[in-house]
Amino acid sequence: DTGVSQDPRHKITKRGQNVTFRCDPISEHNRLYWYRQTLGQGPEFLTYFQNEAQLEKSRLLSDRFSAERPKGSFSTLEIQRTEQGDSAMYLCASSLNSPNYGYTFGSGTRLTVV
Amino acid sequence: ELKVEQNPLFLSMQEGKNYTIYCNYSTTSDRLYWYRQDPGKSLESLFVLLSNGAVKQEGRLMASLDTKARLSTLHITAAVHDLSATYFCAVGGNTGGFKTIFGAGTRPFVKA
């Protein structure tokens with residue numbers, strides 16, 4: 001297992017376009033998390049899944065954001081009608097179903113909205 | 001709502017000296033994590049602290065947790081250039097889902 005994979009690594013899009021990011025977690029990890037990180041800030045929680053169930057979504061998250069995890073494996077994060085304020089690094093992380101371990105983060109997808 | 005504050009936000013290190021990063025959080029939690037992020041890289045898990053009084057050490061880094069004070073510290077002993085990274089603490093929420101809330105990070109740099 002090569003860790004958490006995210007694709008693409010970079011995405012430049014025009015304002016108003018839709019984008020979709022993919023995350024492949026570590027195969028044994030049944031929990032998957034999406035965070036957003038802007039320059040100089042800590043990761044901001046977006047949403048998380050246990051298996052295929054989306055258990056929590058940030059109240060700060062616009063309705064333009066949606067995430068799925070079909071079959072409890074990979075996950076996708078879609079942003080509709082992108083805005084310049086969506087420009088950030090989108091991080092995916094996965095973990096075992098135990099608090100005894102920290103998250104394993106992917107390398108992130110850097111989104112630039114122009 | 002759980003809030004996590006780190007200080008200092010910036011840390012000017014001199015090689016060989018000791019430093020402490022503080023992480024305060026606003027609501028009860030018994031899960032606290034420290035991560036390291038190198039420039040241009042993703043986050044790497046350093047320590048997991050799950051009980052009051054827990055202490056973990058790895059090399060020049062030592063982390064501790066005081067759940068009564070809602071405070072964790074990350075102590076750096078005899079700083080070296082390899083420690084030039086951003087350190088985040090993250091605190092577990094109480095929703096049962098292992099969601100963690102991150103602090104803003106402490107960005108150190110090492111002066112030779």
# chains A, B, ... in the order shown; residues from 1 in each chain; ligands from 1
>>> select_by_dssp(residues="stretch 13-111 of chain B", states="strand (DSSP E or B)", output="count of residues only")
54
>>> select_by_dssp(residues="chain A", states="helix (DSSP H, G or I)", output="MDAnalysis selection string")
chainID A and resid 70:72 84:86
>>> write_last_selection(atoms="C-alpha atoms", output="PDB file, in the first residue's frame")
ATOM      1  CA  PRO A  70     -19.254   4.898  -3.050  1.00  0.00           C
ATOM      2  CA  LYS A  71     -18.604   1.379  -1.817  1.00  0.00           C
ATOM      3  CA  GLY A  72     -16.525   2.733   1.025  1.00  0.00           C
ATOM      4  CA  GLN A  84     -11.907  32.516  -6.291  1.00  0.00           C
ATOM      5  CA  GLY A  85     -12.320  31.959  -2.571  1.00  0.00           C
ATOM      6  CA  ASP A  86     -12.282  28.211  -3.189  1.00  0.00           C
TER       7      ASP A  86
END
>>> residues_around(residues="B:Ala90", least_positions_apart="4", cutoff="12 Å", atoms="only C-alpha atoms", output="number ranges by chain")
A: 42-45, 102-103; B: 2-6, 22-25, 29-36, 43, 45-49, 71-73, 98-105
>>> residues_around(residues="A:Pro25", least_positions_apart="4", cutoff="12 Å", atoms="only C-alpha atoms", output="PyMOL selection string")
chain A and resi 1-7+29-34+49-51+69+72-76+91-96+103-107
>>> write_last_selection(atoms="N, CA and C atoms", output="JSON list (two decimals), in the first residue's frame")
[["chain", "number", "residue", "atom", "x", "y", "z"],
["A", 1, "ASP", "N", 0.85, -1.19, 0.00],
["A", 1, "ASP", "CA", 0.00, 0.00, 0.00],
["A", 1, "ASP", "C", 0.88, 1.24, 0.00],
["A", 2, "THR", "N", 0.58, 2.18, -0.90],
["A", 2, "THR", "CA", 1.46, 3.33, -1.04],
["A", 2, "THR", "C", 0.96, 4.54, -0.28],
["A", 3, "GLY", "N", 0.03, 4.40, 0.62],
["A", 3, "GLY", "CA", -0.47, 5.53, 1.37],
["A", 3, "GLY", "C", -1.71, 6.12, 0.73],
["A", 4, "VAL", "N", -2.02, 7.35, 1.11],
["A", 4, "VAL", "CA", -3.20, 8.03, 0.60],
["A", 4, "VAL", "C", -2.83, 8.76, -0.68],
["A", 5, "SER", "N", -3.58, 8.48, -1.73],
["A", 5, "SER", "CA", -3.31, 9.10, -3.03],
["A", 5, "SER", "C", -4.39, 10.10, -3.38],
["A", 6, "GLN", "N", -3.97, 11.23, -3.91],
["A", 6, "GLN", "CA", -4.93, 12.23, -4.35],
["A", 6, "GLN", "C", -4.64, 12.61, -5.79],
["A", 7, "ASP", "N", -5.70, 12.87, -6.50],
["A", 7, "ASP", "CA", -5.56, 13.20, -7.92],
["A", 7, "ASP", "C", -6.64, 14.22, -8.30],
["A", 29, "HIS", "N", -8.15, 1.36, 5.96],
["A", 29, "HIS", "CA", -8.75, 2.47, 6.71],
["A", 29, "HIS", "C", -10.21, 2.64, 6.30],
["A", 30, "ASN", "N", -11.10, 2.56, 7.28],
["A", 30, "ASN", "CA", -12.51, 2.73, 6.92],
["A", 30, "ASN", "C", -12.99, 4.17, 7.14],
["A", 31, "ARG", "N", -12.16, 5.01, 7.70],
["A", 31, "ARG", "CA", -12.57, 6.41, 7.88],
["A", 31, "ARG", "C", -11.77, 7.28, 6.91],
["A", 32, "LEU", "N", -12.48, 8.24, 6.33],
["A", 32, "LEU", "CA", -11.87, 9.12, 5.34],
["A", 32, "LEU", "C", -12.33, 10.54, 5.60],
["A", 33, "TYR", "N", -11.40, 11.47, 5.51],
["A", 33, "TYR", "CA", -11.66, 12.86, 5.86],
["A", 33, "TYR", "C", -11.21, 13.78, 4.73],
["A", 34, "TRP", "N", -11.94, 14.86, 4.56],
["A", 34, "TRP", "CA", -11.53, 15.93, 3.67],
["A", 34, "TRP", "C", -11.30, 17.19, 4.50],
["A", 49, "PHE", "N", -16.18, 10.43, 6.33],
["A", 49, "PHE", "CA", -16.94, 9.23, 6.04],
["A", 49, "PHE", "C", -16.45, 8.08, 6.93],
["A", 50, "GLN", "N", -17.41, 7.26, 7.32],
["A", 50, "GLN", "CA", -17.07, 5.94, 7.84],
["A", 50, "GLN", "C", -17.63, 4.95, 6.84],
["A", 51, "ASN", "N", -16.74, 4.22, 6.23],
["A", 51, "ASN", "CA", -17.12, 3.38, 5.09],
["A", 51, "ASN", "C", -17.80, 4.28, 4.05],
["A", 69, "ARG", "N", -18.46, 8.70, -1.25],
["A", 69, "ARG", "CA", -17.54, 7.60, -1.07],
["A", 69, "ARG", "C", -18.28, 6.30, -1.38],
["A", 72, "GLY", "N", -17.44, 2.62, -0.10],
["A", 72, "GLY", "CA", -16.53, 2.73, 1.02],
["A", 72, "GLY", "C", -15.06, 2.66, 0.68],
["A", 73, "SER", "N", -14.74, 2.91, -0.60],
["A", 73, "SER", "CA", -13.32, 2.86, -0.97],
["A", 73, "SER", "C", -12.83, 4.27, -1.27],
["A", 74, "PHE", "N", -12.66, 4.60, -2.55],
["A", 74, "PHE", "CA", -12.20, 5.94, -2.90],
["A", 74, "PHE", "C", -13.31, 6.96, -2.63],
["A", 75, "SER", "N", -12.91, 8.23, -2.58],
["A", 75, "SER", "CA", -13.86, 9.30, -2.36],
["A", 75, "SER", "C", -13.65, 10.39, -3.41],
["A", 76, "THR", "N", -14.71, 11.10, -3.71],
["A", 76, "THR", "CA", -14.60, 12.26, -4.58],
["A", 76, "THR", "C", -15.17, 13.49, -3.87],
["A", 91, "LEU", "N", -7.02, 18.59, 1.17],
["A", 91, "LEU", "CA", -6.32, 17.44, 1.73],
["A", 91, "LEU", "C", -7.30, 16.32, 2.06],
["A", 92, "CYS", "N", -6.90, 15.13, 1.73],
["A", 92, "CYS", "CA", -7.65, 13.94, 2.10],
["A", 92, "CYS", "C", -6.82, 13.17, 3.12],
["A", 93, "ALA", "N", -7.47, 12.58, 4.08],
["A", 93, "ALA", "CA", -6.78, 11.77, 5.08],
["A", 93, "ALA", "C", -7.62, 10.54, 5.37],
["A", 94, "SER", "N", -6.98, 9.50, 5.84],
["A", 94, "SER", "CA", -7.72, 8.32, 6.24],
["A", 94, "SER", "C", -7.18, 7.80, 7.56],
["A", 95, "SER", "N", -7.99, 7.00, 8.21],
["A", 95, "SER", "CA", -7.58, 6.45, 9.50],
["A", 95, "SER", "C", -8.30, 5.14, 9.76],
["A", 96, "LEU", "N", -7.74, 4.39, 10.68],
["A", 96, "LEU", "CA", -8.43, 3.22, 11.19],
["A", 96, "LEU", "C", -9.58, 3.66, 12.09],
["A", 103, "TYR", "N", -4.10, 10.63, 11.71],
["A", 103, "TYR", "CA", -4.51, 10.47, 10.32],
["A", 103, "TYR", "C", -3.27, 10.27, 9.43],
["A", 104, "THR", "N", -3.50, 9.59, 8.32],
["A", 104, "THR", "CA", -2.52, 9.57, 7.24],
["A", 104, "THR", "C", -3.04, 10.49, 6.15],
["A", 105, "PHE", "N", -2.28, 11.51, 5.87],
["A", 105, "PHE", "CA", -2.70, 12.50, 4.88],
["A", 105, "PHE", "C", -2.14, 12.18, 3.51],
["A", 106, "GLY", "N", -2.90, 12.55, 2.49],
["A", 106, "GLY", "CA", -2.39, 12.54, 1.14],
["A", 106, "GLY", "C", -1.61, 13.82, 0.87],
["A", 107, "SER", "N", -1.07, 13.92, -0.32],
["A", 107, "SER", "CA", -0.25, 15.09, -0.69],
["A", 107, "SER", "C", -1.09, 16.30, -1.06]]
>>> residues_around(residues="B:Leu65", least_positions_apart="6", cutoff="6 Å", atoms="only C-alpha atoms", output="number ranges by chain")
B: 52-54, 72
>>> write_last_selection(atoms="N, CA, C and O atoms", output="compact mmCIF listing (two decimals), in the first residue's frame")
# COMPACT_ATOMS: atom_id res chain seq x y z
N ASN B 52 -4.98 12.08 30.28
CA ASN B 52 -4.39 13.14 31.09
C ASN B 52 -3.03 12.68 31.60
O ASN B 52 -2.89 11.57 32.12
N GLY B 53 -2.03 13.53 31.43
CA GLY B 53 -0.69 13.19 31.87
C GLY B 53 0.13 12.42 30.86
O GLY B 53 1.29 12.08 31.12
N ALA B 54 -0.46 12.12 29.71
CA ALA B 54 0.28 11.35 28.70
C ALA B 54 1.50 12.14 28.23
O ALA B 54 1.44 13.35 28.06
N SER B 72 -1.83 21.18 25.76
CA SER B 72 -0.75 20.28 25.38
C SER B 72 0.48 21.10 25.05
O SER B 72 0.36 22.24 24.59
>>> residues_around(residues="stretch 78-81 of chain B", least_positions_apart="5", cutoff="7 Å", atoms="only C-alpha atoms", output="VMD selection string")
chain B and resid 13 to 18 60 110
>>> residues_around(residues="B:Leu61", least_positions_apart="2", cutoff="10 Å", atoms="only C-alpha atoms", output="NGL selection string")
:B and (19-20 or 46-47 or 56-59 or 63 or 74-79 or 83)
>>> write_last_selection(atoms="N, CA, C and O atoms", output="compact mmCIF listing (two decimals), in the first residue's frame")
# COMPACT_ATOMS: atom_id res chain seq x y z
N TYR B 19 12.84 24.93 23.03
CA TYR B 19 11.64 25.71 22.78
C TYR B 19 10.40 24.89 23.14
O TYR B 19 10.42 23.66 23.13
N THR B 20 9.30 25.63 23.41
CA THR B 20 8.04 24.97 23.72
C THR B 20 6.92 25.61 22.92
O THR B 20 6.82 26.84 22.85
N LEU B 46 2.96 12.93 14.29
CA LEU B 46 4.09 12.83 15.22
C LEU B 46 3.70 12.09 16.50
O LEU B 46 4.33 11.10 16.87
N PHE B 47 2.67 12.60 17.18
CA PHE B 47 2.30 12.03 18.48
C PHE B 47 0.79 11.92 18.61
O PHE B 47 0.05 12.74 18.08
N LYS B 56 4.76 11.67 25.37
CA LYS B 56 5.39 10.90 24.30
C LYS B 56 6.66 11.63 23.88
O LYS B 56 6.70 12.86 23.85
N GLN B 57 7.67 10.84 23.52
CA GLN B 57 8.94 11.43 23.11
C GLN B 57 9.49 10.70 21.91
O GLN B 57 9.41 9.47 21.81
N GLU B 58 10.05 11.48 21.00
CA GLU B 58 10.74 10.91 19.84
C GLU B 58 11.88 11.86 19.48
O GLU B 58 11.65 12.99 19.06
N GLY B 59 13.07 11.37 19.68
CA GLY B 59 14.24 12.21 19.37
C GLY B 59 14.23 13.48 20.21
O GLY B 59 14.13 13.44 21.43
N ALA B 63 6.04 15.53 23.67
CA ALA B 63 4.71 16.12 23.79
C ALA B 63 4.04 15.61 25.05
O ALA B 63 4.24 14.47 25.46
N LEU B 74 4.43 20.91 23.15
CA LEU B 74 5.42 20.22 22.34
C LEU B 74 6.76 20.87 22.63
O LEU B 74 6.94 22.06 22.36
N HIS B 75 7.64 20.10 23.22
CA HIS B 75 8.92 20.63 23.64
C HIS B 75 10.00 20.19 22.66
O HIS B 75 10.09 19.01 22.31
N ILE B 76 10.80 21.16 22.24
CA ILE B 76 11.91 20.89 21.31
C ILE B 76 13.21 21.09 22.06
O ILE B 76 13.45 22.17 22.62
N THR B 77 14.01 20.05 22.09
CA THR B 77 15.28 20.11 22.82
C THR B 77 16.44 20.26 21.84
O THR B 77 16.56 19.48 20.89
N ALA B 78 17.27 21.24 22.10
CA ALA B 78 18.48 21.45 21.29
C ALA B 78 18.16 21.47 19.80
O ALA B 78 18.54 20.57 19.05
N ALA B 79 17.44 22.51 19.40
CA ALA B 79 16.94 22.61 18.03
C ALA B 79 18.05 22.41 16.99
O ALA B 79 19.19 22.86 17.18
N LEU B 83 14.58 20.36 12.14
CA LEU B 83 13.29 20.61 12.77
C LEU B 83 12.56 21.81 12.16
O LEU B 83 11.50 22.19 12.63
>>> closest_residue(among="A:Arg81, A:Arg59, A:Arg22, A:Arg64", to="chain B", atoms="only C-alpha atoms")
A:Arg59
>>> atom_distance(atom1="atom CA of A:Ser58", atom2="atom CA of A:Arg9")
23.6 Å
>>> closest_residue(among="A:Leu55, A:Ala67, A:Cys23, A:Leu60", to="chain B", atoms="only C-alpha atoms")
A:Leu55
>>> atom_distance(atom1="atom CA of B:Val91", atom2="atom CA of B:Gly40")
23.4 Å
>>> closest_residue(among="B:Thr106, B:Lys68, B:Thr86, B:Lys41", to="B:Thr28", atoms="only C-alpha atoms")
B:Lys68
>>> atom_distance(atom1="atom CA of A:Gln37", atom2="atom CA of A:Ala88")
5.8 Å
>>> closest_residue(among="A:Val114, A:Ala53, A:Leu77, A:Ile26", to="chain B", atoms="only C-alpha atoms")
A:Ala53
